[in-house]
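Source file: data.txt; contents: compact mmCIF, C-alpha atoms.
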```
# COMPACT_ATOMS: atom_id res chain seq x y z
CA MET U 1 22.29 -8.56 -25.19
CA SER U 2 19.71 -8.84 -27.96
CA PRO U 3 16.03 -9.31 -27.05
CA PHE U 4 16.12 -12.75 -28.67
CA ALA U 5 19.06 -13.93 -26.56
CA LEU U 6 17.53 -12.44 -23.44
CA SER U 7 14.14 -14.05 -24.00
CA ALA U 8 15.76 -17.39 -24.92
CA MET U 9 17.68 -17.32 -21.63
CA PHE U 10 14.52 -16.41 -19.74
CA VAL U 11 12.51 -19.22 -21.37
CA LEU U 12 15.25 -21.80 -20.77
CA LEU U 13 15.65 -20.85 -17.13
CA LEU U 14 11.91 -20.78 -16.55
CA LEU U 15 11.18 -24.09 -18.24
CA GLY U 16 14.28 -25.73 -16.83
CA SER U 17 13.22 -24.97 -13.30
CA ILE U 18 9.49 -25.65 -13.61
CA VAL U 19 9.13 -28.52 -16.10
CA PRO U 20 10.77 -31.21 -13.90
CA GLN U 21 8.48 -30.24 -11.03
CA ALA U 22 5.41 -30.25 -13.31
CA VAL U 23 6.33 -33.66 -14.75
CA ARG U 24 6.69 -35.09 -11.26
CA ALA U 25 3.30 -33.65 -10.33
CA TRP U 26 1.80 -35.19 -13.49
CA ARG U 27 3.25 -38.63 -12.69
CA GLU U 28 2.69 -38.73 -8.96
CA GLY U 29 -0.38 -36.51 -8.81
CA PRO U 30 -2.43 -34.58 -8.17
CA ALA U 31 -2.86 -33.76 -11.87
CA ARG U 32 -4.37 -30.38 -11.03
CA LEU U 33 -0.99 -29.33 -9.66
CA ALA U 34 0.57 -30.09 -13.06
CA TRP U 35 -2.14 -28.05 -14.79
CA LEU U 36 -1.56 -25.21 -12.37
CA HIS U 37 2.16 -25.32 -13.16
CA ALA U 38 1.35 -25.15 -16.87
CA GLY U 39 -0.98 -22.18 -16.38
CA ILE U 40 1.41 -20.22 -14.20
CA THR U 41 4.32 -20.97 -16.56
CA ALA U 42 2.33 -19.70 -19.54
CA ALA U 43 1.45 -16.49 -17.67
CA ALA U 44 5.08 -16.00 -16.56
CA LEU U 45 6.26 -16.54 -20.15
CA LEU U 46 3.79 -13.98 -21.41
CA ALA U 47 4.82 -11.45 -18.76
CA GLY U 48 8.56 -11.99 -19.18
CA VAL U 49 8.84 -12.30 -22.97
CA GLY U 50 6.18 -9.62 -23.44
CA LYS U 51 8.27 -7.24 -21.38
CA ILE U 52 11.52 -8.11 -23.15
CA TYR U 53 10.01 -7.61 -26.63
CA GLN U 54 8.06 -4.52 -25.52
CA PHE U 55 4.71 -5.90 -26.77
CA HIS U 56 2.16 -3.15 -26.95
CA LEU U 57 0.39 -4.44 -23.87
CA PRO U 58 -0.68 -1.84 -21.30
CA SER U 59 1.02 -2.28 -17.94
CA ILE U 60 -0.89 -3.90 -15.05
CA SER U 61 -1.13 -0.61 -13.16
CA LYS U 62 -2.44 1.22 -16.24
CA MET U 63 -5.10 -1.46 -16.78
CA LEU U 64 -6.22 -1.19 -13.15
CA VAL U 65 -6.23 2.61 -13.24
CA THR U 66 -8.55 2.59 -16.27
CA MET U 67 -10.90 0.19 -14.47
CA ILE U 68 -11.47 2.62 -11.60
CA PRO U 69 -13.93 5.39 -12.62
CA MET K 1 -4.13 -29.57 6.57
CA ILE K 2 -1.43 -27.82 4.56
CA GLU K 3 0.02 -25.59 7.30
CA ARG K 4 0.98 -27.54 10.40
CA GLY K 5 3.11 -24.85 12.00
CA ARG K 6 1.85 -22.66 14.84
CA ILE K 7 3.04 -19.23 15.91
CA SER K 8 2.45 -17.36 19.14
CA ASN K 9 -0.05 -14.50 19.29
CA ILE K 10 2.76 -11.99 19.72
CA GLN K 11 4.54 -13.31 16.62
CA ALA K 12 1.33 -12.93 14.61
CA ALA K 13 0.88 -9.38 15.91
CA MET K 14 4.51 -8.53 15.09
CA LEU K 15 4.12 -9.84 11.55
CA SER K 16 1.15 -7.53 11.05
CA ILE K 17 3.09 -4.55 12.44
CA MET K 18 6.05 -5.18 10.13
CA THR K 19 3.89 -5.77 7.05
CA LEU K 20 1.83 -2.62 7.55
CA THR K 21 4.54 -0.29 8.83
CA ILE K 22 6.87 -0.71 5.87
CA MET K 23 4.10 0.14 3.41
CA GLY K 24 3.23 3.13 5.60
CA HIS K 25 6.79 4.45 5.43
CA LEU K 26 7.31 3.88 1.72
CA ILE K 27 4.01 4.76 0.10
CA LEU K 28 1.35 5.89 2.48
CA LEU K 29 3.44 8.66 3.93
CA THR K 30 3.56 10.43 0.57
CA LEU K 31 -0.18 9.88 0.01
CA VAL K 32 -1.09 11.29 3.42
CA ILE K 33 1.32 14.24 3.32
CA VAL K 34 0.12 15.22 -0.19
CA ARG K 35 -3.53 14.98 0.85
CA SER K 36 -3.52 16.26 4.45
CA ARG K 37 -0.22 18.22 4.71
CA GLN K 38 0.42 19.24 8.33
CA ASP K 39 -2.78 17.49 9.52
CA GLY K 40 -1.45 14.06 8.51
CA TRP K 41 -1.24 12.95 12.12
CA ILE K 42 -4.96 13.70 12.64
CA SER K 43 -5.78 11.72 9.47
CA ALA K 44 -3.65 8.84 10.76
CA THR K 45 -5.47 8.75 14.10
CA ILE K 46 -8.96 8.91 12.56
CA GLY K 47 -8.05 6.43 9.80
CA THR K 48 -6.68 3.95 12.33
CA ALA K 49 -9.80 4.21 14.49
CA LEU K 50 -11.93 3.45 11.41
CA GLY K 51 -9.48 0.76 10.29
CA LEU K 52 -10.10 -1.19 13.48
CA SER K 53 -13.34 -2.48 11.91
CA SER K 54 -11.29 -4.51 9.42
CA VAL K 55 -8.95 -5.70 12.17
CA PHE K 56 -11.97 -6.73 14.25
CA ALA K 57 -13.64 -8.63 11.37
CA VAL K 58 -10.51 -10.54 10.36
CA THR K 59 -9.61 -11.40 13.97
CA LYS K 60 -13.19 -12.52 14.70
CA LEU K 61 -13.10 -14.86 11.69
CA ALA K 62 -9.79 -16.33 12.89
CA GLN K 63 -11.20 -16.82 16.40
CA ARG K 64 -14.38 -18.42 15.12
CA HIS K 65 -12.57 -20.76 12.70
CA PRO K 66 -9.15 -21.62 14.16
CA GLY K 67 -6.92 -23.45 11.69
CA VAL K 68 -9.07 -22.33 8.74
CA SER K 69 -7.64 -19.53 6.63
CA LEU K 70 -9.70 -16.84 4.95
CA VAL K 71 -9.35 -18.40 1.48
CA GLU K 72 -10.17 -21.86 2.83
CA LEU K 73 -13.18 -20.49 4.67
CA ALA K 74 -14.57 -18.68 1.62
CA ALA K 75 -13.94 -21.64 -0.68
CA SER K 76 -15.41 -24.29 1.58
CA ARG K 77 -18.30 -22.33 3.04
CA PHE K 78 -19.89 -20.37 0.22
CA ARG K 79 -19.90 -22.81 -2.72
CA LEU K 80 -19.25 -21.32 -6.17
CA ALA K 81 -19.40 -17.68 -5.05
CA GLY K 82 -16.97 -18.55 -2.24
CA LYS K 83 -14.53 -20.17 -4.68
CA LEU K 84 -14.71 -17.09 -6.89
CA LEU K 85 -14.11 -14.89 -3.85
CA ALA K 86 -11.14 -17.07 -2.84
CA MET K 87 -9.67 -16.62 -6.34
CA LEU K 88 -10.14 -12.85 -6.09
CA PHE K 89 -8.33 -12.89 -2.75
CA LEU K 90 -5.45 -14.77 -4.38
CA LEU K 91 -5.33 -12.18 -7.16
CA TYR K 92 -5.24 -9.45 -4.53
CA PHE K 93 -2.40 -11.15 -2.62
CA GLY K 94 -0.52 -11.59 -5.90
CA LEU K 95 -0.98 -7.95 -6.83
CA MET K 96 0.23 -6.77 -3.42
CA THR K 97 3.30 -9.04 -3.70
CA ILE K 98 4.09 -7.67 -7.17
CA LEU K 99 3.70 -4.11 -5.88
CA ALA K 100 6.09 -4.78 -2.99
CA VAL K 101 8.68 -6.45 -5.26
CA ARG K 102 8.47 -3.52 -7.66
CA LEU K 103 8.81 -1.04 -4.79
CA PHE K 104 11.88 -2.86 -3.53
CA ALA K 105 13.48 -2.69 -6.98
CA GLU K 106 12.48 0.96 -7.46
CA THR K 107 13.92 2.10 -4.13
CA TYR K 108 17.17 0.23 -4.70
CA SER K 109 17.43 1.55 -8.26
CA MET K 110 17.30 5.04 -6.80
CA ILE K 111 20.32 4.29 -4.60
CA MET K 112 22.24 2.09 -7.06
CA PRO K 113 21.23 3.39 -10.49
CA GLU K 114 23.84 1.42 -12.43
CA THR K 115 22.76 -2.00 -11.15
CA PRO K 116 20.28 -3.74 -13.49
CA PHE K 117 16.69 -3.72 -12.29
CA VAL K 118 16.44 -7.49 -12.78
CA ALA K 119 19.14 -8.06 -10.14
CA PHE K 120 17.01 -6.50 -7.38
CA VAL K 121 13.91 -8.42 -8.43
CA ALA K 122 15.78 -11.73 -8.59
CA ILE K 123 17.54 -11.25 -5.24
CA ILE K 124 14.46 -10.33 -3.22
CA LEU K 125 12.35 -13.05 -4.81
CA LEU K 126 14.98 -15.73 -4.17
CA LEU K 127 15.29 -14.64 -0.56
CA CYS K 128 11.54 -14.52 0.02
CA ALA K 129 10.96 -17.82 -1.79
CA TYR K 130 13.45 -19.41 0.61
CA LEU K 131 11.65 -17.91 3.60
CA VAL K 132 8.23 -19.04 2.34
CA HIS K 133 9.68 -22.52 1.81
CA GLN K 134 10.87 -22.57 5.42
CA GLY K 135 7.33 -21.91 6.58
CA LEU K 136 5.31 -19.71 8.88
CA GLU K 137 7.12 -20.63 12.10
CA THR K 138 10.52 -19.69 10.67
CA PHE K 139 9.66 -16.26 9.33
CA GLY K 140 7.43 -15.57 12.33
CA ARG K 141 10.37 -16.11 14.69
CA MET K 142 12.77 -14.25 12.44
CA ASN K 143 10.47 -11.25 12.40
CA GLN K 144 10.23 -11.41 16.20
CA ILE K 145 14.00 -10.94 16.35
CA MET K 146 14.25 -8.26 13.67
CA LEU K 147 11.35 -5.97 14.60
CA PRO K 148 12.70 -4.82 18.01
CA VAL K 149 16.07 -4.03 16.36
CA LEU K 150 14.36 -1.90 13.72
CA VAL K 151 12.23 -0.13 16.32
CA ALA K 152 15.35 0.72 18.34
CA VAL K 153 17.05 2.06 15.20
CA ALA K 154 13.96 4.09 14.26
CA MET K 155 13.88 5.63 17.75
CA LEU K 156 17.56 6.53 17.39
CA VAL K 157 16.76 8.31 14.12
CA VAL K 158 13.95 10.28 15.80
CA LEU K 159 16.29 11.32 18.62
CA LEU K 160 19.09 12.36 16.26
CA THR K 161 16.82 14.54 14.13
CA VAL K 162 14.99 16.29 16.97
CA GLY K 163 17.39 19.27 16.92
CA GLN K 164 16.69 20.01 13.25
CA LYS K 165 12.92 19.86 13.56
CA ASP K 166 10.48 22.68 14.12
CA TYR K 167 7.18 21.22 15.26
CA GLY K 168 5.61 24.62 14.74
CA ASN K 169 5.35 23.51 11.09
CA LEU K 170 2.47 21.28 12.18
CA LEU K 171 0.35 24.36 12.81
CA PRO K 172 -2.31 25.52 12.09
CA ILE K 173 -4.36 22.48 13.01
CA LEU K 174 -7.15 21.93 10.46
CA GLY K 175 -5.82 24.98 8.61
CA ARG K 176 -7.19 23.72 5.28
CA GLY K 177 -10.50 22.51 6.70
CA PRO K 178 -11.75 18.98 7.38
CA GLY K 179 -11.76 17.86 3.69
CA PRO K 180 -8.02 17.11 3.32
CA VAL K 181 -8.04 15.38 6.74
CA ALA K 182 -10.90 13.13 5.59
CA ALA K 183 -9.06 12.32 2.32
CA GLY K 184 -5.94 11.39 4.31
CA ALA K 185 -7.98 9.32 6.78
CA LEU K 186 -9.46 7.37 3.87
CA SER K 187 -5.95 6.55 2.66
CA ILE K 188 -5.03 5.32 6.13
CA MET K 189 -8.21 3.24 6.22
CA GLY K 190 -7.23 1.70 2.91
CA TRP K 191 -3.80 0.93 4.29
CA PHE K 192 -5.30 -0.85 7.31
CA GLY K 193 -7.35 -2.89 4.83
CA GLU K 194 -4.13 -4.78 4.13
CA PHE K 195 -4.70 -6.41 7.51
CA VAL K 196 -6.95 -8.84 5.61
CA LEU K 197 -3.78 -10.76 4.78
CA MET K 198 -3.60 -11.71 8.44
CA GLY K 199 -6.65 -13.85 7.69
CA MET K 200 -4.08 -16.30 6.27
CA ILE K 201 -1.89 -16.17 9.40
CA LEU K 202 -4.05 -15.51 12.46
CA PRO K 203 -5.85 -18.90 12.22
CA TYR K 204 -2.48 -20.52 12.99
CA ALA K 205 -1.94 -18.57 16.21
CA ARG K 206 -1.60 -20.73 19.31
CA HIS K 207 -4.20 -18.96 21.46
CA PRO K 208 -7.03 -17.73 19.25
CA ALA K 209 -9.23 -16.72 22.20
CA LYS K 210 -6.77 -13.97 23.18
CA LEU K 211 -6.07 -12.76 19.63
CA MET K 212 -8.27 -9.65 19.71
CA ARG K 213 -6.19 -7.79 22.30
CA TYR K 214 -3.00 -8.59 20.39
CA THR K 215 -4.31 -7.40 17.03
CA PHE K 216 -5.73 -4.20 18.55
CA ALA K 217 -2.42 -3.55 20.33
CA ALA K 218 -0.61 -4.18 17.03
CA SER K 219 -2.86 -1.61 15.32
CA GLY K 220 -2.10 0.95 18.05
CA LEU K 221 1.63 0.35 17.70
CA THR K 222 1.40 0.59 13.91
CA LEU K 223 -0.25 4.00 14.31
CA LEU K 224 2.47 5.05 16.75
CA PHE K 225 5.18 3.99 14.28
CA PHE K 226 3.44 6.02 11.59
CA ILE K 227 2.92 9.23 13.56
CA GLY K 228 6.71 9.82 13.80
CA PRO K 229 7.39 9.51 10.04
CA VAL K 230 4.31 11.56 9.12
CA THR K 231 5.23 14.46 11.39
CA GLY K 232 9.05 14.26 11.05
CA PRO K 233 9.49 15.38 7.40
CA ILE K 234 6.91 18.19 7.87
CA ALA K 235 8.66 19.42 11.00
CA MET K 236 11.98 19.33 9.17
CA PHE K 237 11.14 20.61 5.67
CA GLY K 238 7.70 22.21 6.03
CA ALA K 239 4.43 20.78 4.67
CA ASP K 240 4.77 21.99 1.07
CA GLU K 241 8.35 20.83 0.63
CA ALA K 242 7.63 17.44 2.31
CA ALA K 243 4.70 16.89 -0.08
CA ARG K 244 7.11 17.18 -3.04
CA LEU K 245 9.46 14.43 -1.78
CA THR K 246 9.17 10.90 -3.23
CA PHE K 247 10.51 9.22 -0.09
CA PRO K 248 10.21 11.78 2.77
CA THR K 249 11.77 9.61 5.51
CA PHE K 250 14.81 8.91 3.35
CA ALA K 251 15.31 12.64 2.85
CA GLU K 252 14.93 13.18 6.61
CA VAL K 253 17.48 10.52 7.53
CA ARG K 254 20.06 12.02 5.15
CA TYR K 255 20.14 15.18 7.25
CA ILE K 256 21.40 13.40 10.37
CA GLU K 257 24.85 14.38 11.54
CA ALA K 258 25.68 12.77 14.87
CA SER K 259 29.29 13.88 14.84
CA ASP K 260 32.10 14.50 12.36
CA VAL K 261 32.42 10.76 11.78
CA LEU K 262 28.82 9.53 11.86
CA ASN K 263 27.04 11.47 9.17
CA ARG K 264 25.86 8.90 6.61
CA PHE K 265 22.72 7.48 8.12
CA ASP K 266 21.14 6.57 4.76
CA ALA K 267 22.08 2.98 5.50
CA ILE K 268 19.58 2.98 8.36
CA ALA K 269 16.72 3.77 5.98
CA ILE K 270 17.98 1.11 3.59
CA LEU K 271 18.19 -1.44 6.41
CA PHE K 272 14.64 -0.63 7.45
CA TRP K 273 13.26 -0.85 3.92
CA THR K 274 15.13 -4.02 3.00
CA VAL K 275 14.12 -5.97 6.09
CA GLY K 276 10.58 -4.58 6.11
CA LEU K 277 9.93 -5.26 2.44
CA MET K 278 11.49 -8.71 2.75
CA PHE K 279 8.94 -9.63 5.42
CA ARG K 280 6.11 -7.94 3.58
CA ILE K 281 6.84 -9.82 0.34
CA THR K 282 7.31 -13.07 2.27
CA VAL K 283 3.98 -12.76 4.09
CA PHE K 284 1.99 -11.92 0.94
CA PHE K 285 3.86 -14.57 -1.09
CA TYR K 286 3.11 -17.08 1.65
CA GLY K 287 -0.59 -16.11 1.64
CA LEU K 288 -0.69 -16.55 -2.13
CA CYS K 289 0.95 -20.00 -2.12
CA LEU K 290 -0.95 -21.26 0.93
CA GLY K 291 -4.27 -19.97 -0.39
CA THR K 292 -3.76 -21.59 -3.80
CA GLY K 293 -2.83 -24.86 -2.16
CA GLN K 294 -5.92 -24.74 0.04
CA LEU K 295 -8.22 -23.76 -2.81
CA LEU K 296 -6.98 -26.68 -4.91
CA LYS K 297 -6.89 -29.00 -1.87
CA LEU K 298 -3.21 -29.84 -2.33
CA ARG K 299 -1.14 -31.69 0.27
CA ASP K 300 1.57 -29.02 0.35
CA TYR K 301 1.92 -25.44 -0.84
CA ARG K 302 5.68 -25.61 -1.42
CA PRO K 303 5.59 -26.90 -5.03
CA LEU K 304 3.84 -23.63 -5.91
CA ILE K 305 6.66 -21.37 -4.70
CA LEU K 306 8.90 -21.73 -7.77
CA PRO K 307 6.28 -21.15 -10.51
CA TYR K 308 4.73 -18.30 -8.56
CA GLY K 309 8.18 -16.79 -8.03
CA TRP K 310 8.72 -16.67 -11.80
CA LEU K 311 5.27 -15.23 -12.37
CA LEU K 312 5.72 -12.55 -9.71
CA GLY K 313 9.14 -11.66 -11.13
CA GLY K 314 7.78 -11.30 -14.66
CA CYS K 315 4.79 -9.29 -13.46
CA ALA K 316 7.04 -7.00 -11.38
CA PHE K 317 8.45 -5.78 -14.71
CA TRP K 318 5.06 -5.68 -16.37
CA PHE K 319 3.47 -3.84 -13.43
CA ALA K 320 4.41 -0.33 -14.53
CA ASP K 321 6.50 1.28 -17.24
CA ASN K 322 7.96 3.88 -14.87
CA PHE K 323 7.66 5.26 -11.35
CA GLU K 324 5.05 7.85 -12.41
CA GLU K 325 2.73 5.09 -13.57
CA MET K 326 3.20 3.34 -10.27
CA SER K 327 2.46 6.57 -8.36
CA ASP K 328 -0.70 6.96 -10.42
CA PHE K 329 -1.72 3.45 -9.37
CA LEU K 330 -1.02 4.21 -5.73
CA PHE K 331 -2.99 7.44 -5.77
CA ARG K 332 -5.97 6.12 -7.70
CA VAL K 333 -6.28 2.35 -7.22
CA TYR K 334 -4.50 1.32 -4.03
CA VAL K 335 -7.02 2.81 -1.58
CA PRO K 336 -10.28 1.70 -3.31
CA LEU K 337 -8.81 -1.78 -3.86
CA ASN K 338 -7.94 -2.12 -0.18
CA LEU K 339 -11.30 -0.74 0.90
CA VAL K 340 -13.04 -3.51 -1.06
CA PHE K 341 -10.78 -6.43 -0.10
CA GLY K 342 -9.84 -5.21 3.36
CA TYR K 343 -13.22 -3.99 4.60
CA ALA K 344 -16.25 -4.89 2.51
CA VAL K 345 -15.36 -8.55 1.97
CA PRO K 346 -14.08 -9.52 5.46
CA ILE K 347 -16.88 -7.65 7.22
CA LEU K 348 -19.48 -9.39 5.05
CA LEU K 349 -17.76 -12.74 5.63
CA ALA K 350 -17.73 -12.17 9.40
CA LEU K 351 -21.41 -11.19 9.36
CA ALA K 352 -22.36 -14.22 7.24
CA SER K 353 -20.35 -16.50 9.49
CA HIS K 354 -22.03 -15.01 12.58
CA MET K 355 -25.54 -15.38 11.14
CA MET K 356 -24.91 -18.96 10.04
CA LYS K 357 -23.60 -19.85 13.46
CA LYS K 358 -26.67 -18.27 15.07
CA GLY K 359 -28.96 -20.06 12.62
CA GLY K 360 -27.42 -23.38 13.61
CA ILE K 361 -25.96 -24.05 10.17
CA PRO K 362 -22.88 -26.27 10.65
CA LEU K 363 -19.47 -24.69 10.20
CA VAL K 364 -17.02 -25.77 7.51
CA ALA K 365 -17.05 -29.52 6.93
CA ASN K 366 -13.41 -30.20 7.64
CA GLU K 367 -13.01 -27.74 10.50
CA SER K 368 -13.15 -30.27 13.30
CA SER K 369 -10.36 -32.31 11.75
CA GLN K 370 -8.31 -29.18 11.18
CA ARG K 371 -8.43 -28.18 14.83
CA GLU K 372 -6.55 -31.33 15.80
```

Please lay out the structure from this file as structure tokens.
Amino acid sequence: MSPFALSAMFVLLLLGSIVPQAVRAWREGPARLAWLHAGITAAALLAGVGKIYQFHLPSISKMLVTMIP
Amino acid sequence: MIERGRISNIQAAMLSIMTLTIMGHLILLTLVIVRSRQDGWISATIGTALGLSSVFAVTKLAQRHPGVSLVELAASRFRLAGKLLAMLFLLYFGLMTILAVRLFAETYSMIMPETPFVAFVAIILLLCAYLVHQGLETFGRMNQIMLPVLVAVAMLVVLLTVGQKDYGNLLPILGRGPGPVAAGALSIMGWFGEFVLMGMILPYARHPAKLMRYTFAASGLTLLFFIGPVTGPIAMFGADEAARLTFPTFAEVRYIEASDVLNRFDAIAILFWTVGLMFRITVFFYGLCLGTGQLLKLRDYRPLILPYGWLLGGCAFWFADNFEEMSDFLFRVYVPLNLVFGYAVPILLALASHMMKKGGIPLVANESSQRE
């Protein structure tokens, strides 16, 4: 499967499962829950698509290792 | 109050045993054997004794503020700094969940190399998300059923491997001096720092006044369950060979031959890891969702399970490029991280809480309503 197809499937599944819940939170409140959904979704998209496309981001463990003297 | 469920003291203690023990078997064992070799058992004993300070601080906080979790306490008691601290705790819980998910996928990939990595991540996250959705009472009871079964199986493994072990490999005691023992003890201390997660569970125990004896007993049992795995591979393979193994207990279990028919006991190790990691991921995932809900003053933590599940899944891939990178993290970051979040922060919180109580400063504003 090509990276594009894989990331498209990932994005569709992610948004399809979270957006309805976020919209309900936006309508019924509290609004901060909807914002939290948006934030977490953005981070999950970055992590997932970033991994699929092999962005030149250092891994989480590498980042933490460099932080420790 | 987001969490309305209550668990018994013994269920809380059993959750802490399961959460700690599985990490001990999978990761800590290698750390301790590499650092302390045949003196690993001495390191474990000293490290546990020192680790009791974290257990004491977290239990004291739960006793002093029943029904108020660690994140809730920090956020509501210490204004802006407290909110920042609560967010750091959530980051820590998230990181520990990601680490456990990644470990699960790594161990299974070793056994089933042709299965895609994503399958293991998706399966364990779906299972744990379901358990978190069911709530504290459900997975507390489930763990109460599963832990005795696993203990019985582990004892069977010890009995079946006794014939192939030479406990003379544990000699000489302190053969490489006290330095390696101290390094190993520090790793064990870091491991016990994970007990801070119980700050999200102990406040919901039914009898907070009696919690201390349960948590100390749980720590003793956790040490006991660690002494066997830390001495077993050394007695079987020798200290140098055991230090080269990625998963020493798995290698040990593979040598069991009970008869001509029963000679594939690998499944026992897999059973132990699967169930143990499932509970570990569930407990940390639960702490993450509950803490976020409490920090944002939501009515329920359940709407957070799905988005967090996706995030944890994505980050499990992003966590490390390969197993070597993950090992590097475990050797260099895991212990200092746990020493900060598991010792420094809870001990300071317990001291601050004690001084404020002595100074007559009222406790958290909503505590009285939460006790109901």

| Nearest residue to Gly94 (chain K) from the set U:Ala31, U:Val23, U:Leu45, U:Ile60 (distances using all atoms listed in the file) |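 When distances to Gly94 (chain K) are compared using all atoms listed in the file, the smallest one comes from U:Ile60.
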
| CA of Val335 (chain K) and CA of Gly190 (chain K), how far apart in Å? | 4.6 Å

| request: Tell me, as a count of residues only, which residues lie within 12 Å of region 109-117 of chain K, counting only C-alpha atoms; anything in the same chain fewer than 2 positions away does not count. | output: 26

| query | Which neighbours of Leu290 (chain K) fall inside 9 Å, counting all atoms listed in the file, when residues of the same chain fewer than 3 positions from it are skipped, and could you give them as number ranges by chain? | reply | K: 2-3, 69, 71, 200, 285-287, 293-295, 300-302, 304

| task | Give the answer as one residue: which of K:Val153, K:Ile281, K:Val181, K:Ile98 has the shortest atom-to-atom distance to chain U, using only C-alpha atoms? | result |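 Looking only at the distances to chain U, the closest residue turns out to be K:Ile98.
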
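Atom to atom, CA of Phe195 (chain K) and CA of Ser59 (chain U) stand 26.4 Å apart.
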
| request: Return the neighbours of chain K among the residues of chain U, cut-off 8 Å, counting only C-alpha atoms, as a PyMOL selection string. | output: chain U and resi 14+17-18+21+30+32-33+37+40-41+43-45+47-48+51+59-62+64-65+68

Neighbour list for Val162 (chain K) as a JSON list (two decimals) with C-alpha atoms, keeping the file's coordinate frame, cut-off 10 Å, all atoms listed in the file, skip fewer than 3 positions in-chain:
```json
[["chain", "number", "residue", "atom", "x", "y", "z"],
["K", 157, "VAL", "CA", 16.76, 8.31, 14.12],
["K", 158, "VAL", "CA", 13.95, 10.28, 15.80],
["K", 159, "LEU", "CA", 16.29, 11.32, 18.62],
["K", 165, "LYS", "CA", 12.92, 19.86, 13.56],
["K", 166, "ASP", "CA", 10.48, 22.68, 14.12],
["K", 167, "TYR", "CA", 7.18, 21.22, 15.26],
["K", 232, "GLY", "CA", 9.05, 14.26, 11.05],
["K", 235, "ALA", "CA", 8.66, 19.42, 11.00],
["K", 236, "MET", "CA", 11.98, 19.33, 9.17],
["K", 256, "ILE", "CA", 21.40, 13.40, 10.37]]
```

| said: So that I can check the surroundings of Ala5 (chain U), please list as a list in words every protein, DNA and RNA residue that reaches within 12 Å of it, counting all atoms listed in the file and ignoring chain neighbours fewer than 6 positions away. | reply: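 The residues that qualify are Val11, Leu12, Val49, Ile52 and Tyr53 of chain U.
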
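Here CA of Pro69 (chain U) and CA of Ala344 (chain K) stand 18.4 Å from one another.
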
With a distance cut-off of 9 Å and all atoms listed in the file, select the neighbouring residues of Arg206 (chain K), excluding the residue or stretch itself and same-chain residues fewer than 4 positions from it, and output the selection as an mmCIF file with C-alpha atoms, keeping the file's coordinate frame.
```cif
data_model
loop_
_atom_site.group_PDB
_atom_site.id
_atom_site.type_symbol
_atom_site.label_atom_id
_atom_site.label_comp_id
_atom_site.auth_asym_id
_atom_site.auth_seq_id
_atom_site.Cartn_x
_atom_site.Cartn_y
_atom_site.Cartn_z
ATOM 1 C CA ARG K 6 1.850 -22.660 14.840
ATOM 2 C CA ILE K 7 3.040 -19.230 15.910
ATOM 3 C CA SER K 8 2.450 -17.360 19.140
ATOM 4 C CA ASN K 9 -0.050 -14.500 19.290
ATOM 5 C CA LEU K 202 -4.050 -15.510 12.460
#
```

| query | Which polymer residues, protein or nucleic acid, are no farther than 12 Å from (-15.7, -2.2, 4.0), counting only C-alpha atoms, as JSON, numbers by chain? | reply | {"K": [50, 51, 52, 53, 54, 55, 56, 57, 58, 186, 189, 190, 192, 193, 194, 196, 335, 336, 337, 338, 339, 340, 341, 342, 343, 344, 345, 346, 347, 348, 349, 350, 351]}

| K:Gly163, K:Pro178, K:Gly238, K:Gly220 ranked by distance to Ile17 (chain K), top pick (using only C-alpha atoms) | K:Gly220

| Using all atoms listed in the file: which of K:Val34, K:Leu156, K:Leu224, K:Ala205 has the shortest distance to Ile10 (chain K) |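 Nearest candidate to Ile10 (chain K) out of K:Val34, K:Leu156, K:Leu224, K:Ala205: K:Ala205.
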